[in-house]
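Q: Before we start, here is the structure in question, set down as structure tokens.
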Amino acid sequence: MGSGQRQLDEEHKRLEQQRLGEADWRLWGPYLSERAWGTVREDYSSHGTAWEYFDHDQSRSRTYRWNEDGLGGICDERQRLCFALALWNGEDAFLKERAFGLTGNQGNRGEDVKEYYFYTDALPSHSWLRYLYKYPQAAYPYDRLAEENRQRSRLEPSFNLLDSGIFNNQDFWDVDVCYAKATAEQIAIRITLHNRSEREAEIDLLPQLWFRNTWSWGDEDAEKPELHRDTPTSDETAWSVKCHHKTLGDYWLYGEQEAELLFTENETNSARLWGLASPTTYVKDAFHRYVVAGETDAVNPDARGTKFAARYHLNVAGGESKKIDLILSAQPLRRPFHEREKLFAQRRSEADIFYDQLLPEGGVEDHRIMRQALAGMIWSKQFFHFNVQRWLEGDQLKPPRERRRGRNHGWRHLRAADVLSMPDAWEYPWFAAWDLAFHCVALALVDVEFAKQQIEVVLGENYLHPNGQIPAYEWAFGDVNPPVHAWGTLKVYRAERVQRGAGDRNFLQRVFHKLLLNYAWWINRKDKHGHNLFEGGFLGLDNISVFDRSKPLPPGYVLKQADATGWMAMFALNMTMIALELAIEDRDYEAIAIQCYEQFLSIAKAISGGDDNGPALWDMETRFFKDLLITPEGHHHRIDVYSWVGLIPLFATEVVDRRLLTNVPRFQEMLKTHKKGLFQGSYVCACPDWENDRGEHLLALVDHNMLPRILNRLLNEDEFLSPYGVRSLSKLHETYQDLGHLPGIGHTGIRYLPGESESGLFGGNSNWRGPVWLPTNYALVQALEKFHRFLGDEFKYPVPSLPDRQLTLREIATLISERLVDLYRRDPQGKIPALRRDSPFQTEESWRHLNLFYEYFHAETGQGLGACHQTGWTGLLANLVMRRYRKDIPVFLGYEDESMAR
């Protein structure tokens, strides 16, 4: 789909304008979080109790320090001016201004959003965005949700909003919000309220426009902005409001329908929260007090302030709908609504064309999966603002003494004020390093420039630690995530090669130099004994181990991790491949390619036991990779578990084609030196000197002898292969396995749990002991594709679930890929496995075309679990859907002939 090979559609024209700096279509986007309360950034407590320090009840009255939240909202890229919805059904105790959910201590499975909202469509330029919120007409059961979950144990399912019966009899509103940009700075907004009930119902709709409070904290642009009522410019406009901000400039909000205009300040109601005098008479919760409590003096009669709402009180007949139209513009408009209908139709049509071109041969169902997955990825872009130095020292009040040595005190350099791709805008409204690399693989399908920017941002001086560590996430920047940033870099670079016919060498070079710092950090910090066997703690796999790997072992004990070592072997190969790409034009990179490949060979030698440092991580008896616990006396104890820990070494696989070898004679000679995998007297890995018919070389940690042994377990449905992908723990552990006493650890054991966790580790809402996770499954599919690329159709392996059939490695990759996508395809009974079988998602018209994209999935039933609103890496479903139909885009393996495979 190279841009030079076809005429650009309108959305690609906008993306090209963005790339060339001709128009800033990213200035406005869905950057407003679903939740800002309960985050680390807003936590100024002594002991890091973020959820309790700033809870949901305070959020309507208390001004945020770092960023804002709202329902279905948008804002500018620096979050100076925000727009979102507020609703009131006449029954709730307060306005519905933001999504509600349980804190980690309230939920029986950790923090959990208790709302139904959906990102139904989006274009990457944000010229078209669509969001749907389902709002009950009866009083929202806040207390019941908290109480029911408080009473339930971890062995019981969580109690959700559907379980309350509040959506029975269709007594709810579908609130549909559409944003259509006429220009980069002019946005048409349509809010449609569908009464799904059979009876007439009333609702108050309050679209809100407000400035994030920067003036109270002494920020750089601390001059207080203002918005005020303005005079409409034509008879077709019922009202208008003018906004002025020192750095953003002037904006106007126009309304077509008559409304009651309300004004207040985005200031804390200190009197309500703490019994103290508030800084102003008009405070943040004024609209709630005015509409719900009837306090007429809560709003400013002078029609000015820093927060505004247009109140529409609507009566809607059963089964009918009403719409409200607004225009937000950086220029004053005489007839703002003149061509509004044409604009909405045009942007909707352009979105259809954009996604049809991505999947021209796909069926209706696969189109729906792909389009909603990518919409979720786009809607999960969020403004992330955090200056750790200022947070540690406090802005107005002296911080508690404990903060000085508390959370993130070693990351004072971190200064973030960027739009970042988040895992989930409610449960994870903060970046996560290894998640982000996977997000970029999905985002590169639709906006490779944004994907490149995301790769680079956490490697910048404002994020990357001076010692070379990439920050993990705001709860603990110093935690260790898998080193997948180089892998993501290659994927994005190769994506651009496919799409444009050439990769961005300057991008690759900039990132490579920063990645060398991170590479050195891993080698120096996580292989402290210099044995080329790596540690790393839980590595994002949370409770997959038989003990909490995030906690330090007793003095003298060391855990050599098969997954950490596999990730590092992959990192070394990724760096080798990047250096070879750069060496095509600059031979000076050949030396670092050799250095990285030597490191890979050293890891391969160590993991296979080809040195004097004790047993291999490869268990020769069971033919599987496993962790080793080493005591202070030097005794080795193998952790006898079959999990992703032992599959991850497969990821360290690359194929070097002739194009990469044209300018590196020393590297070519190195491949001959290590003929048949010989390295320092040991045979350590797949044979680098072998060539296939295309003259390609395989560089892999798993050799041709290991691969069939791993496939034997991987493809066995009684072990790893589930109906919906690859389990994170083998079903061999279905019955609790007592692993006995581990020195320094104590008595241990493990059990396969296909669904929710029974453990309270990591908040209790994450489980790697059985369920299917997309990121590792996707990386596995990619590794199998690479093995197939080199070994070809001649290498076949029997699949136990397919009697009398042998499959090529590409067919095996397809088998796994299709099972993953089947999570969201309707099964023979017409049910979508990822969605609850007893829910309206399966049958009711107003629900059945909607998807929730979950964090992970029950390995036997396929039901979605964990975070449910497009946790970022589940967006990889779009790549897997496209893999079925497109041989070029979804793989991005980077071979010599790939750019011609259109």
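Just remember, in the structure tokens the first chain shown is A, the second B, etc., residues are 1-based per chain, and ligands are 1-based in the order shown.
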Give me, as number ranges by chain, all polymer residues having an atom no more than 8 Å from range 203-218 of chain A, counting only C-alpha atoms and skipping those fewer than 4 positions away in the same chain.

A: A: 63-65, 67-68, 79-90, 222-225, 266-267, 306-315, 395-396

Q: Export N, CA and C atoms of the chosen residues as an mmCIF file, in the first residue's frame?

A:
```cif
data_model
loop_
_atom_site.group_PDB
_atom_site.id
_atom_site.type_symbol
_atom_site.label_atom_id
_atom_site.label_comp_id
_atom_site.auth_asym_id
_atom_site.auth_seq_id
_atom_site.Cartn_x
_atom_site.Cartn_y
_atom_site.Cartn_z
ATOM 1 N N THR A 63 -10.040 19.933 42.329
ATOM 2 C CA THR A 63 -9.300 20.218 41.107
ATOM 3 C C THR A 63 -8.099 19.286 40.989
ATOM 4 N N TYR A 64 -7.908 18.732 39.808
ATOM 5 C CA TYR A 64 -6.761 17.869 39.558
ATOM 6 C C TYR A 64 -5.494 18.708 39.399
ATOM 7 N N ARG A 65 -4.387 18.099 39.804
ATOM 8 C CA ARG A 65 -3.086 18.765 39.627
ATOM 9 C C ARG A 65 -2.496 18.520 38.246
ATOM 10 N N ASN A 67 -3.772 16.194 35.343
ATOM 11 C CA ASN A 67 -4.539 16.060 34.099
ATOM 12 C C ASN A 67 -6.017 15.921 34.427
ATOM 13 N N GLU A 68 -6.859 15.995 33.418
ATOM 14 C CA GLU A 68 -8.306 16.016 33.586
ATOM 15 C C GLU A 68 -8.933 14.705 33.110
ATOM 16 N N GLN A 79 -3.586 19.646 26.672
ATOM 17 C CA GLN A 79 -4.724 19.627 27.585
ATOM 18 C C GLN A 79 -4.898 20.963 28.308
ATOM 19 N N ARG A 80 -5.011 21.996 27.519
ATOM 20 C CA ARG A 80 -5.323 23.308 28.067
ATOM 21 C C ARG A 80 -6.830 23.517 28.111
ATOM 22 N N LEU A 81 -7.510 23.138 27.023
ATOM 23 C CA LEU A 81 -8.959 23.298 26.913
ATOM 24 C C LEU A 81 -9.582 21.930 26.695
ATOM 25 N N CYS A 82 -10.610 21.599 27.484
ATOM 26 C CA CYS A 82 -11.204 20.258 27.471
ATOM 27 C C CYS A 82 -12.693 20.342 27.176
ATOM 28 N N PHE A 83 -13.193 19.304 26.506
ATOM 29 C CA PHE A 83 -14.630 19.178 26.237
ATOM 30 C C PHE A 83 -15.064 17.764 26.585
ATOM 31 N N ALA A 84 -16.186 17.628 27.304
ATOM 32 C CA ALA A 84 -16.724 16.302 27.630
ATOM 33 C C ALA A 84 -18.185 16.461 28.025
ATOM 34 N N LEU A 85 -18.850 15.327 28.287
ATOM 35 C CA LEU A 85 -20.268 15.314 28.619
ATOM 36 C C LEU A 85 -20.503 15.215 30.116
ATOM 37 N N ALA A 86 -21.639 15.737 30.526
ATOM 38 C CA ALA A 86 -22.212 15.427 31.832
ATOM 39 C C ALA A 86 -23.680 15.079 31.594
ATOM 40 N N LEU A 87 -24.217 14.165 32.411
ATOM 41 C CA LEU A 87 -25.584 13.684 32.245
ATOM 42 C C LEU A 87 -26.255 13.596 33.615
ATOM 43 N N TRP A 88 -27.569 13.744 33.607
ATOM 44 C CA TRP A 88 -28.336 13.495 34.829
ATOM 45 C C TRP A 88 -29.688 12.927 34.450
ATOM 46 N N ASN A 89 -29.998 11.751 35.009
ATOM 47 C CA ASN A 89 -31.246 11.066 34.690
ATOM 48 C C ASN A 89 -32.395 11.449 35.612
ATOM 49 N N GLY A 90 -32.179 12.408 36.488
ATOM 50 C CA GLY A 90 -33.206 12.824 37.424
ATOM 51 C C GLY A 90 -33.289 11.953 38.659
ATOM 52 N N ALA A 222 0.931 30.137 33.545
ATOM 53 C CA ALA A 222 0.088 30.267 34.736
ATOM 54 C C ALA A 222 -0.922 31.402 34.644
ATOM 55 N N GLU A 223 -0.856 32.207 33.623
ATOM 56 C CA GLU A 223 -1.851 33.266 33.469
ATOM 57 C C GLU A 223 -3.230 32.638 33.362
ATOM 58 N N LYS A 224 -4.146 33.093 34.172
ATOM 59 C CA LYS A 224 -5.466 32.469 34.235
ATOM 60 C C LYS A 224 -6.257 32.749 32.961
ATOM 61 N N PRO A 225 -6.735 31.696 32.291
ATOM 62 C CA PRO A 225 -7.558 31.900 31.082
ATOM 63 C C PRO A 225 -8.990 32.246 31.473
ATOM 64 N N ASN A 266 -12.924 26.337 37.592
ATOM 65 C CA ASN A 266 -12.328 25.023 37.835
ATOM 66 C C ASN A 266 -11.424 25.139 39.064
ATOM 67 N N GLU A 267 -12.065 25.293 40.214
ATOM 68 C CA GLU A 267 -11.385 25.450 41.499
ATOM 69 C C GLU A 267 -11.981 24.462 42.510
ATOM 70 N N THR A 306 -13.905 29.725 34.222
ATOM 71 C CA THR A 306 -12.958 28.814 33.563
ATOM 72 C C THR A 306 -13.604 27.464 33.278
ATOM 73 N N LYS A 307 -14.882 27.333 33.589
ATOM 74 C CA LYS A 307 -15.629 26.105 33.300
ATOM 75 C C LYS A 307 -17.042 26.489 32.881
ATOM 76 N N PHE A 308 -17.525 25.810 31.829
ATOM 77 C CA PHE A 308 -18.823 26.159 31.231
ATOM 78 C C PHE A 308 -19.609 24.893 30.923
ATOM 79 N N ALA A 309 -20.937 24.980 31.031
ATOM 80 C CA ALA A 309 -21.829 23.913 30.585
ATOM 81 C C ALA A 309 -23.059 24.524 29.936
ATOM 82 N N ALA A 310 -23.531 23.856 28.886
ATOM 83 C CA ALA A 310 -24.815 24.201 28.271
ATOM 84 C C ALA A 310 -25.815 23.144 28.727
ATOM 85 N N ARG A 311 -26.824 23.563 29.461
ATOM 86 C CA ARG A 311 -27.791 22.596 30.008
ATOM 87 C C ARG A 311 -28.989 22.459 29.073
ATOM 88 N N TYR A 312 -29.228 21.201 28.623
ATOM 89 C CA TYR A 312 -30.394 20.860 27.818
ATOM 90 C C TYR A 312 -31.258 19.905 28.622
ATOM 91 N N HIS A 313 -32.470 20.318 28.920
ATOM 92 C CA HIS A 313 -33.418 19.414 29.590
ATOM 93 C C HIS A 313 -34.347 18.851 28.509
ATOM 94 N N LEU A 314 -34.268 17.526 28.291
ATOM 95 C CA LEU A 314 -34.931 16.907 27.153
ATOM 96 C C LEU A 314 -35.950 15.874 27.596
ATOM 97 N N ASN A 315 -37.092 15.863 26.924
ATOM 98 C CA ASN A 315 -38.087 14.802 27.031
ATOM 99 C C ASN A 315 -38.067 14.032 25.722
ATOM 100 N N ASP A 395 3.834 21.212 45.542
ATOM 101 C CA ASP A 395 3.616 22.464 44.829
ATOM 102 C C ASP A 395 3.227 23.606 45.761
ATOM 103 N N GLN A 396 2.337 23.322 46.691
ATOM 104 C CA GLN A 396 1.838 24.374 47.570
ATOM 105 C C GLN A 396 2.073 24.032 49.041
#
```

Q: Could you give me, as an mmCIF file with N, CA and C atoms, in the first residue's frame, the residues within 8 Å of range 536-553 of chain A, counting only C-alpha atoms and dropping anything in the same chain fewer than 2 positions from it?

A:
```cif
data_model
loop_
_atom_site.group_PDB
_atom_site.id
_atom_site.type_symbol
_atom_site.label_atom_id
_atom_site.label_comp_id
_atom_site.auth_asym_id
_atom_site.auth_seq_id
_atom_site.Cartn_x
_atom_site.Cartn_y
_atom_site.Cartn_z
ATOM 1 N N TRP A 434 6.382 -1.846 28.240
ATOM 2 C CA TRP A 434 6.352 -2.956 27.286
ATOM 3 C C TRP A 434 5.024 -3.014 26.562
ATOM 4 N N VAL A 480 10.969 -3.583 36.273
ATOM 5 C CA VAL A 480 11.607 -4.053 35.041
ATOM 6 C C VAL A 480 10.566 -4.707 34.139
ATOM 7 N N ASN A 481 10.415 -4.158 32.966
ATOM 8 C CA ASN A 481 9.543 -4.735 31.942
ATOM 9 C C ASN A 481 10.389 -5.447 30.897
ATOM 10 N N PRO A 482 9.813 -6.385 30.151
ATOM 11 C CA PRO A 482 10.581 -7.048 29.089
ATOM 12 C C PRO A 482 11.180 -6.039 28.109
ATOM 13 N N LYS A 526 21.311 -6.608 35.026
ATOM 14 C CA LYS A 526 20.509 -7.813 35.166
ATOM 15 C C LYS A 526 21.291 -9.096 34.871
ATOM 16 N N PHE A 534 20.058 -14.071 32.729
ATOM 17 C CA PHE A 534 19.538 -12.799 33.206
ATOM 18 C C PHE A 534 18.420 -12.947 34.233
ATOM 19 N N PRO A 555 19.643 -12.674 50.698
ATOM 20 C CA PRO A 555 21.030 -12.416 50.276
ATOM 21 C C PRO A 555 21.727 -13.693 49.821
ATOM 22 N N GLY A 556 22.387 -13.580 48.676
ATOM 23 C CA GLY A 556 23.146 -14.711 48.158
ATOM 24 C C GLY A 556 22.393 -15.584 47.190
ATOM 25 N N TYR A 557 21.063 -15.463 47.160
ATOM 26 C CA TYR A 557 20.260 -16.268 46.244
ATOM 27 C C TYR A 557 20.085 -15.520 44.931
ATOM 28 N N VAL A 558 20.082 -16.264 43.835
ATOM 29 C CA VAL A 558 19.921 -15.672 42.509
ATOM 30 C C VAL A 558 18.936 -16.522 41.713
ATOM 31 N N GLN A 561 16.480 -16.497 35.049
ATOM 32 C CA GLN A 561 15.157 -16.609 34.443
ATOM 33 C C GLN A 561 15.249 -16.961 32.967
ATOM 34 N N ALA A 564 13.638 -13.880 31.112
ATOM 35 C CA ALA A 564 14.538 -12.728 31.030
ATOM 36 C C ALA A 564 15.678 -13.006 30.060
ATOM 37 N N SER A 643 5.475 -22.934 31.378
ATOM 38 C CA SER A 643 4.727 -21.687 31.222
ATOM 39 C C SER A 643 5.367 -20.863 30.105
ATOM 40 N N SER A 728 -1.071 -19.372 29.069
ATOM 41 C CA SER A 728 0.143 -18.846 29.696
ATOM 42 C C SER A 728 0.774 -19.849 30.654
ATOM 43 N N LEU A 729 0.041 -20.850 31.057
ATOM 44 C CA LEU A 729 0.560 -21.954 31.875
ATOM 45 C C LEU A 729 -0.007 -23.248 31.303
ATOM 46 N N GLY A 744 15.504 -20.755 50.484
ATOM 47 C CA GLY A 744 15.369 -19.310 50.497
ATOM 48 C C GLY A 744 13.988 -18.807 50.173
ATOM 49 N N ILE A 745 13.110 -19.697 49.699
ATOM 50 C CA ILE A 745 11.763 -19.309 49.294
ATOM 51 C C ILE A 745 10.718 -19.919 50.226
ATOM 52 N N THR A 748 6.480 -24.343 47.954
ATOM 53 C CA THR A 748 5.876 -23.741 46.765
ATOM 54 C C THR A 748 5.024 -24.756 46.015
ATOM 55 N N GLY A 749 4.159 -24.228 45.192
ATOM 56 C CA GLY A 749 3.331 -25.046 44.320
ATOM 57 C C GLY A 749 2.655 -24.155 43.300
ATOM 58 N N ILE A 750 1.990 -24.790 42.340
ATOM 59 C CA ILE A 750 1.357 -24.007 41.285
ATOM 60 C C ILE A 750 0.167 -24.765 40.734
ATOM 61 N N SER A 759 -5.076 -15.333 43.431
ATOM 62 C CA SER A 759 -4.033 -14.700 44.226
ATOM 63 C C SER A 759 -4.277 -13.205 44.317
ATOM 64 N N LEU A 761 -1.786 -11.122 44.501
ATOM 65 C CA LEU A 761 -0.595 -10.447 43.987
ATOM 66 C C LEU A 761 -0.969 -9.437 42.908
ATOM 67 N N PHE A 762 -0.261 -8.318 42.905
ATOM 68 C CA PHE A 762 -0.418 -7.272 41.886
ATOM 69 C C PHE A 762 -1.872 -6.801 41.799
ATOM 70 N N SER A 766 -4.918 -9.586 37.860
ATOM 71 C CA SER A 766 -4.067 -9.999 36.752
ATOM 72 C C SER A 766 -3.628 -11.429 36.982
ATOM 73 N N ASN A 767 -3.670 -12.229 35.933
ATOM 74 C CA ASN A 767 -3.352 -13.649 36.079
ATOM 75 C C ASN A 767 -2.618 -14.148 34.844
ATOM 76 N N TRP A 768 -1.405 -14.643 35.064
ATOM 77 C CA TRP A 768 -0.636 -15.270 33.991
ATOM 78 C C TRP A 768 -0.536 -16.769 34.236
ATOM 79 N N ARG A 769 -1.359 -17.322 35.102
ATOM 80 C CA ARG A 769 -1.291 -18.759 35.398
ATOM 81 C C ARG A 769 -2.344 -19.539 34.618
#
```

Q: Per residue of range 321-386 of chain A within 10 Å of range 129-139 of chain A, note the shortest atom pair and the distance in Å to one decimal, counting only C-alpha atoms, and order the rows by chain and increasing residue number, as a Markdown table.

A:
```
| residue | atom | partner | partner_atom | distance |
| --- | --- | --- | --- | --- |
| A:Arg347 | CA | A:Leu129 | CA | 9.3 |
| A:Arg348 | CA | A:Leu129 | CA | 9.2 |
| A:Ala351 | CA | A:Leu129 | CA | 9.6 |
| A:Ala375 | CA | A:Leu129 | CA | 8.2 |
| A:Gly376 | CA | A:Tyr131 | CA | 9.9 |
| A:Ile378 | CA | A:Leu129 | CA | 9.0 |
| A:Trp379 | CA | A:Leu129 | CA | 8.1 |
```

Q: Any idea what's packed within 7 Å of range 614-630 of chain A, counting only C-alpha atoms, ignoring anything in its chain fewer than 5 positions away? Could you give it as a list in words?

A: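 These residues fall inside the cut-off: Tyr557, Val558, Leu559, Lys560, Gln561, Ala562, Ala606, Ile607, Ser608, Gly609, His635, His636, His637, Arg638, Ile639, Asp640, Val641, Val645, Gly646, Arg709 and Ile710 of chain A.
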
Q: Taking only C-alpha atoms into account, which of A:Glu719, A:Leu582, A:Arg78, A:Tyr778 comes nearest Phe507 in chain A?

A: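 Closest candidate: A:Leu582.
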
Q: For range 814-824 of chain A, list every protein, DNA or RNA residue within 10 Å, evaluated using only C-alpha atoms, and leave out those in the same chain fewer than 2 positions away; present the list as a compact mmCIF listing (two decimals) with N, CA and C atoms, in the first residue's frame.

A:
```
# COMPACT_ATOMS: atom_id res chain seq x y z
N GLU A 365 -17.74 -9.46 9.53
CA GLU A 365 -17.39 -9.66 10.94
C GLU A 365 -15.94 -9.28 11.21
N ASP A 366 -15.04 -9.68 10.34
CA ASP A 366 -13.64 -9.34 10.55
C ASP A 366 -13.40 -7.85 10.39
N ARG A 368 -15.54 -5.59 11.31
CA ARG A 368 -16.01 -5.03 12.57
C ARG A 368 -14.95 -5.18 13.66
N ILE A 369 -14.34 -6.34 13.75
CA ILE A 369 -13.32 -6.59 14.77
C ILE A 369 -12.14 -5.65 14.56
N MET A 370 -11.64 -5.60 13.33
CA MET A 370 -10.47 -4.77 13.03
C MET A 370 -10.76 -3.29 13.30
N LEU A 715 1.65 -27.45 20.80
CA LEU A 715 0.51 -27.81 19.96
C LEU A 715 -0.39 -28.87 20.58
N LEU A 721 -1.95 -25.47 23.96
CA LEU A 721 -2.87 -24.99 22.93
C LEU A 721 -4.32 -25.05 23.41
N SER A 722 -4.91 -23.89 23.54
CA SER A 722 -6.32 -23.81 23.94
C SER A 722 -7.18 -23.53 22.71
N PRO A 723 -8.50 -23.62 22.83
CA PRO A 723 -9.35 -23.29 21.68
C PRO A 723 -9.21 -21.84 21.22
N TYR A 724 -8.55 -20.99 22.07
CA TYR A 724 -8.50 -19.56 21.77
C TYR A 724 -7.08 -19.00 21.81
N GLY A 725 -6.10 -19.83 21.54
CA GLY A 725 -4.73 -19.35 21.52
C GLY A 725 -3.84 -20.22 22.41
N VAL A 726 -2.76 -19.65 22.88
CA VAL A 726 -1.80 -20.39 23.70
C VAL A 726 -1.95 -19.96 25.15
N VAL A 772 -5.26 -16.70 28.25
CA VAL A 772 -4.63 -16.33 26.98
C VAL A 772 -4.39 -14.82 26.99
N TRP A 773 -3.14 -14.43 26.69
CA TRP A 773 -2.76 -13.02 26.58
C TRP A 773 -2.34 -12.75 25.13
N LEU A 774 -2.77 -11.62 24.59
CA LEU A 774 -2.46 -11.31 23.19
C LEU A 774 -0.99 -11.01 22.92
N ASN A 777 1.21 -14.17 22.64
CA ASN A 777 0.70 -14.97 21.53
C ASN A 777 1.11 -14.34 20.20
N TYR A 778 0.99 -13.01 20.11
CA TYR A 778 1.35 -12.34 18.86
C TYR A 778 2.84 -12.50 18.57
N LEU A 780 4.72 -14.88 19.51
CA LEU A 780 4.94 -16.28 19.13
C LEU A 780 4.58 -16.50 17.66
N VAL A 781 3.46 -15.96 17.23
CA VAL A 781 3.06 -16.07 15.82
C VAL A 781 4.14 -15.48 14.92
N GLN A 782 4.69 -14.34 15.33
CA GLN A 782 5.75 -13.71 14.55
C GLN A 782 7.00 -14.60 14.48
N LEU A 784 7.17 -17.88 14.74
CA LEU A 784 6.90 -19.02 13.87
C LEU A 784 6.95 -18.63 12.41
N GLU A 785 6.47 -17.42 12.10
CA GLU A 785 6.56 -16.91 10.72
C GLU A 785 8.01 -16.83 10.27
N VAL A 799 0.08 -31.97 14.31
CA VAL A 799 -0.69 -31.30 15.35
C VAL A 799 -1.66 -32.32 15.93
N LEU A 807 1.51 -29.87 9.56
CA LEU A 807 1.40 -28.47 9.12
C LEU A 807 2.77 -27.85 8.98
N THR A 808 2.89 -26.93 8.04
CA THR A 808 4.09 -26.10 7.97
C THR A 808 4.07 -25.13 9.15
N LEU A 809 5.17 -24.48 9.41
CA LEU A 809 5.23 -23.53 10.52
C LEU A 809 4.32 -22.33 10.26
N ARG A 810 4.16 -21.93 9.00
CA ARG A 810 3.22 -20.85 8.72
C ARG A 810 1.79 -21.30 8.99
N GLU A 811 1.46 -22.53 8.66
CA GLU A 811 0.12 -23.04 8.95
C GLU A 811 -0.10 -23.16 10.46
N ILE A 812 0.94 -23.48 11.19
CA ILE A 812 0.83 -23.52 12.65
C ILE A 812 0.61 -22.12 13.20
N ARG A 826 -18.35 -14.79 15.89
CA ARG A 826 -19.48 -15.57 16.41
C ARG A 826 -19.23 -17.06 16.14
N ASP A 827 -19.47 -17.85 17.19
CA ASP A 827 -19.25 -19.30 17.07
C ASP A 827 -20.47 -19.95 16.44
N LYS A 831 -22.68 -17.05 19.27
CA LYS A 831 -22.17 -16.32 20.42
C LYS A 831 -20.73 -15.85 20.18
N ILE A 832 -20.39 -14.70 20.74
CA ILE A 832 -19.02 -14.21 20.72
C ILE A 832 -18.34 -14.67 22.00
N PRO A 833 -17.33 -15.53 21.94
CA PRO A 833 -16.75 -16.10 23.16
C PRO A 833 -16.22 -15.07 24.14
N ALA A 834 -15.65 -13.96 23.67
CA ALA A 834 -15.04 -12.99 24.58
C ALA A 834 -16.07 -12.26 25.43
N LEU A 835 -17.32 -12.23 25.01
CA LEU A 835 -18.37 -11.52 25.73
C LEU A 835 -19.25 -12.50 26.49
N ASN A 851 -18.15 -4.23 20.92
CA ASN A 851 -17.11 -5.07 21.51
C ASN A 851 -16.47 -4.39 22.70
N LEU A 852 -16.13 -5.19 23.69
CA LEU A 852 -15.21 -4.77 24.74
C LEU A 852 -13.91 -5.54 24.52
N PHE A 853 -12.80 -4.84 24.48
CA PHE A 853 -11.52 -5.50 24.22
C PHE A 853 -10.78 -5.67 25.54
N PHE A 857 -7.90 -13.48 28.45
CA PHE A 857 -9.09 -14.26 28.11
C PHE A 857 -9.02 -15.64 28.76
N HIS A 858 -10.18 -16.11 29.22
CA HIS A 858 -10.31 -17.44 29.81
C HIS A 858 -9.88 -18.47 28.77
N THR A 861 -13.01 -21.03 27.86
CA THR A 861 -14.26 -20.49 27.32
C THR A 861 -14.04 -19.30 26.38
N GLY A 862 -12.89 -18.64 26.51
CA GLY A 862 -12.61 -17.45 25.71
C GLY A 862 -13.15 -16.17 26.30
N GLN A 863 -13.87 -16.22 27.43
CA GLN A 863 -14.46 -15.01 27.99
C GLN A 863 -13.40 -14.00 28.37
N GLY A 864 -13.65 -12.71 28.05
CA GLY A 864 -12.71 -11.66 28.36
C GLY A 864 -12.66 -11.37 29.84
N LEU A 876 -3.83 -5.70 19.02
CA LEU A 876 -3.13 -6.55 18.06
C LEU A 876 -4.07 -7.48 17.31
N LEU A 877 -5.30 -7.61 17.78
CA LEU A 877 -6.29 -8.37 17.02
C LEU A 877 -6.43 -7.81 15.60
N ALA A 878 -6.27 -6.50 15.46
CA ALA A 878 -6.34 -5.90 14.12
C ALA A 878 -5.25 -6.48 13.22
N ASN A 879 -4.05 -6.62 13.76
CA ASN A 879 -2.95 -7.20 12.98
C ASN A 879 -3.25 -8.64 12.61
N LEU A 880 -3.83 -9.39 13.55
CA LEU A 880 -4.11 -10.80 13.30
C LEU A 880 -5.24 -10.98 12.30
N VAL A 881 -6.24 -10.11 12.37
CA VAL A 881 -7.31 -10.15 11.37
C VAL A 881 -6.72 -9.88 9.99
N ARG A 883 -3.75 -10.30 8.98
CA ARG A 883 -2.84 -11.37 8.57
C ARG A 883 -3.54 -12.39 7.69
N ARG A 884 -4.83 -12.60 7.94
CA ARG A 884 -5.59 -13.58 7.17
C ARG A 884 -5.75 -13.17 5.72
```

Q: In terms of the shortest atom-to-atom distance over only C-alpha atoms, which of A:Leu517, A:Leu436, A:Leu661, A:Ala472 is closest to His485 in chain A?

A: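 Using only C-alpha atoms, the shortest distance to His485 in chain A belongs to A:Leu436.
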
Q: Hey, which of A:Glu474, A:Asp112, A:Glu156, A:Glu202 ends up closest to Glu42 in chain A? Count only C-alpha atoms.

A: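 Comparing A:Glu474, A:Asp112, A:Glu156, A:Glu202 against Glu42 in chain A, the winner is A:Glu474.
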
Q: Env of Val388 in chain A: 10 Å cut, atoms = only C-alpha atoms, seq-sep filter 2 positions within chain, self excluded. Answer as a list of chain:residue names.

A: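 Using only C-alpha atoms, the neighbours found are A:Arg41, A:His385, A:Phe386, A:Arg390, A:Trp391, A:Leu392, A:Glu393, A:Gly394, A:Arg407, A:Asn408, A:His409, A:Gly410, A:Trp411, A:Arg412, A:His413, A:Leu414, A:Arg415, A:Ala416, A:Glu474.
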
Q: Expressed in Å to a single decimal, how great is the separation between CA of Glu10 in chain A and CA of Glu496 in chain A?

A: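 Taking CA of Glu10 in chain A as the start and CA of Glu496 in chain A as the end point, the length is 19.1 Å.
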
Q: Can you pull out the residues contacting range 699-707 of chain A? Cut-off 10 Å, using only C-alpha atoms, and skip same-chain residues under 4 positions away; I want them as a ChimeraX atom specification.

A: /A:566,569-570,573,597,600-601,603-605,607-608,618,620,623-625,647,649-656,671,677,683-690,711-712,783,786-787,790-791

Q: Find the residue from A:Asp24, A:Asp171, A:Asp588, A:Glu198 that sits nearest to Gln186 in chain A; use only C-alpha atoms when measuring.

A: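 Checking each of A:Asp24, A:Asp171, A:Asp588, A:Glu198 against Gln186 in chain A, counting only C-alpha atoms, the winner is A:Asp24.
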